[in-house]
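Chemist: Take a look at this one; I'll ask things after.
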There are 2 protein chains.
Amino acid sequence: MTEQPRIPLSRRRVLRAAVALADRDGLGSLTMRRLAQEVGVEAMSLYHHVANKEAVFDGIVEVILGEIMAAVEHAEAPPPERDWQAALRAQILAARDVFLRHRWAPQVLESRSTTSPLVIAYYDHVVAVLRAGGFSYDLAHRALHVLGSRALGFTQELFTPDSAQPGEAGAGNGAADAGGHTAADAGAAELMEQMADQFPNLAGMLAEAVHNDPDGTLGFCDDQFEFEFALDLILEGLERRRTAGH
Amino acid sequence: MTEQPRIPLSRRRVLRAAVALADRDGLGSLTMRRLAQEVGVEAMSLYHHVANKEAVFDGIVEVILGEIMAAVEHAEAPPPERDWQAALRAQILAARDVFLRHRWAPQVLESRSTTSPLVIAYYDHVVAVLRAGGFSYDLAHRALHVLGSRALGFTQELFTPDSAQPGEAGAGNGAADAGGHTAADAGAAELMEQMADQFPNLAGMLAEAVHNDPDGTLGFCDDQFEFEFALDLILEGLERRRTAGH
DNA sequence: ACCTGAACACCGTTCAAGT
DNA sequence: ACCTGAACACCGTTCAAGT
């Protein structure tokens with residue numbers, strides 16, 4: 001409609017449209033029919049450029065990892081021989097920026113059963129940094145396990161002590177909307193008390209955090225701050241083991 | 001067929017069947033129709049006991065978290081006031097055992113958009129242990145972020161430097177089976193060389209690990225060992241920050 | 001109260017047919 | 001070579017009807 005279908009379809013164009021669609025409407029909206037519609041074609045035409053839907057997921061993982069590789073290359077960091085911690089830290093935070101632009105990407109990445117060669121290449125690069133920093137292969141191997149997905153710049157949070165995050169979350173046919181219209185008004189304090197009964201320790205944690213931050217400019221959980229705190233703790237622990245000669 | 005449908009259906013029985021089905025055939029086989037078949041009923045009958053499929057997923061998360069709570073309560077651990085590291089370590093490893101029995105559980109847990117009250121209760125207990133160990137609320141909060149899902153006993157591995165894991169992995173209509181019949185014989189060494197070219201650092205890591213373990217009784221990645229190494233590194237890092245008075 | 005059959009609105013995917 | 005329409009085999013779910 002809005003543009004004439006001049007350029008012929010290609011695998012690349014399909015995958016870029018898939019990424020854009022997931023960015024805009026969430027992963028649940030990424031169906032073959034919707035994707036076809038997005039590139040102005042019938043669903044079955046997609047199969048000339050991708051084998052099936054699994055291949056689409058593999059493809060968008062490739063796209064995201066391409067962005068990560070580019071971001072890592074352009075990151076400003078000291079040579080790892082001089083300061084491996086600063087070098088790895090800069091690389092990981094650069095990778096993290098990509099995931100902040102594509103919030104659905106961790107979920108897709110974790111859903112892949114066979115590891116993408118680009119993921120392997122990324123971890124190969126991490127090992128290169130560690131080796132340059134004086135790690136044995138053994139400790140480098142262990143470091144990969146300790147870092148886990150954090151090496152790529154994200155952690156899947158099971159539990160955010162923040163207020164409930166709104167918005168769509170998955171495939172979601174809108175449900176679970178009943179009886180929530182008192183949450184913002186008088187119900188807030190009541191809910192707080194209820195939580196204090198059931199989860200006294202978390203409630204205490206929450207109460208103190210609110211107290212410490214009266215201006216409320218920062219959220220209770222500043223994810224970026226927490227991510228860096230955790231990352232530094234791990235890097236420091238690894239350095240300690242390295243100098244201990246593991 | 002094999003047993004008469006004596007006892008009437010119940011939410012509890014539906015959820016236990018769902019867990020058993022996921023254990024046996026994988027998460028991809030968990031459809032409303034298959035589940036109904038499993039309890040000897042038509043698919044539509046399930047809707048008298050669960051609201052919809054999302055409710056089934058929420059339900060089996062409840063079941064697993066119930067198992068975890070029970071396992072944690074029966075774990076042998078010193079009182080956290082005396083040794084918080086040993087106490088938390090024992091709790092986390094007990095929780096981990098449950099996930100080792102239900103390999104699909106992490107994926108379901110991470111797919112939930114609203115955090116289960118049982119997950120909150122679990123993390124409340126973690127904070128209790130930390131508080132007893134002398135943590136400020138602030139540092140306890142940070143500890144939750146550092147631990148992430150590791151507090152529950154699992155880490156989602158993006159990349160296992162092991163040999164490719166076989167078997168089913170998801171919804172999987174069997175695909176990607178072409179041209180793999182030389183993997184076990186002469187192809188292995190060839191593949192090794194190919195990897196050495198593309199991923200020199202990982203290849204070096206792999207080569208040394210094989211050399212260090214000539215008997216081959218242990219895999220390259222002993223996950224339990226790695227999990228405990230990472231956990232101890234983190235616990236140690238947290239203790240260091242605690243005594244530093246954060 | 002609990003279960004059912006038929007039907008609806010979606011999926012991913014195959015196949016024979018168009019240009 | 002690339003795209004299409006109709007069809008198939010699955011989903012989750014609704015609804016009116018059975019006992």
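Chain labels run A, B, ... following the order of the structure tokens; each chain numbers its residues from 1, and ligands are numbered from 1 in the order shown.
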Show me which bits of chain A are within 8 Å of chain D, counting only C-alpha atoms (C1' of nucleotides), as a tab-separated table (two decimals) with N, CA, C and O atoms, in the first residue's frame.

Modeler:
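Just written: out-v9.tsv:
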chain	number	residue	atom	x	y	z
A	42	GLU	N	2.69	-12.58	0.06
A	42	GLU	CA	1.92	-13.65	0.72
A	42	GLU	C	2.85	-14.51	1.57
A	42	GLU	O	4.04	-14.63	1.27
A	44	MET	N	3.44	-17.57	1.87
A	44	MET	CA	4.17	-18.70	1.28
A	44	MET	C	5.41	-18.26	0.51
A	44	MET	O	6.33	-19.05	0.30
A	45	SER	N	5.44	-17.01	0.13
A	45	SER	CA	6.60	-16.50	-0.60
A	45	SER	C	7.85	-16.46	0.28
A	45	SER	O	8.98	-16.53	-0.22
A	48	HIS	N	10.69	-19.11	0.04
A	48	HIS	CA	11.75	-19.09	-0.98
A	48	HIS	C	13.05	-18.53	-0.42
A	48	HIS	O	14.10	-18.70	-1.00

Chemist: What are the residues of chain B lining chain A at 6 Å or less? Count only C-alpha atoms, and put the answer as a list in words.

Modeler: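 That gives the following set of residues: Ser113, Asp124, Ala128, Tyr137, Val146, Ala169, Phe199, Asn201, Leu202, Met205, Ala230, Leu233 and Gly237 of chain B.
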
Chemist: Store the residues picked out above, limited to C-alpha atoms, as a short mmCIF file (atom, residue, chain, number, x, y, z; two decimals), in the first residue's frame.

Modeler:
data_model
loop_
_atom_site.label_atom_id
_atom_site.label_comp_id
_atom_site.auth_asym_id
_atom_site.auth_seq_id
_atom_site.Cartn_x
_atom_site.Cartn_y
_atom_site.Cartn_z
CA SER B 113 5.40 -12.34 32.76
CA ASP B 124 12.30 -13.42 50.68
CA ALA B 128 16.41 -13.65 55.40
CA TYR B 137 19.28 -4.33 53.04
CA VAL B 146 24.35 -10.74 41.32
CA ALA B 169 15.06 -29.43 22.43
CA PHE B 199 37.92 -20.33 16.87
CA ASN B 201 41.10 -19.69 21.51
CA LEU B 202 38.25 -22.05 22.20
CA MET B 205 40.93 -24.41 25.59
CA ALA B 230 30.80 -19.84 40.17
CA LEU B 233 33.22 -17.04 43.66
CA GLY B 237 32.76 -11.60 46.58
#

Chemist: Determine which residues of range 21-237 of chain A receive a DSSP assignment of alpha helix (DSSP H), computed from the backbone, and state them as JSON, numbers by chain.

Modeler: {"A": [21, 22, 23, 24, 25, 32, 33, 34, 35, 36, 37, 38, 53, 54, 55, 56, 57, 58, 59, 60, 61, 62, 63, 64, 65, 66, 67, 68, 69, 70, 71, 72, 73, 74, 84, 85, 86, 87, 88, 89, 90, 91, 92, 93, 94, 95, 96, 97, 98, 99, 100, 101, 105, 106, 107, 108, 109, 110, 111, 117, 118, 119, 120, 121, 122, 123, 124, 125, 126, 127, 128, 129, 130, 131, 132, 137, 138, 139, 140, 141, 142, 143, 144, 145, 146, 147, 187, 188, 189, 190, 191, 192, 193, 194, 195, 196, 197, 198, 200, 201, 202, 203, 204, 205, 206, 207, 208, 209, 210, 211, 212, 223, 224, 225, 226, 227, 228, 229, 230, 231, 232, 233, 234, 235, 236, 237]}
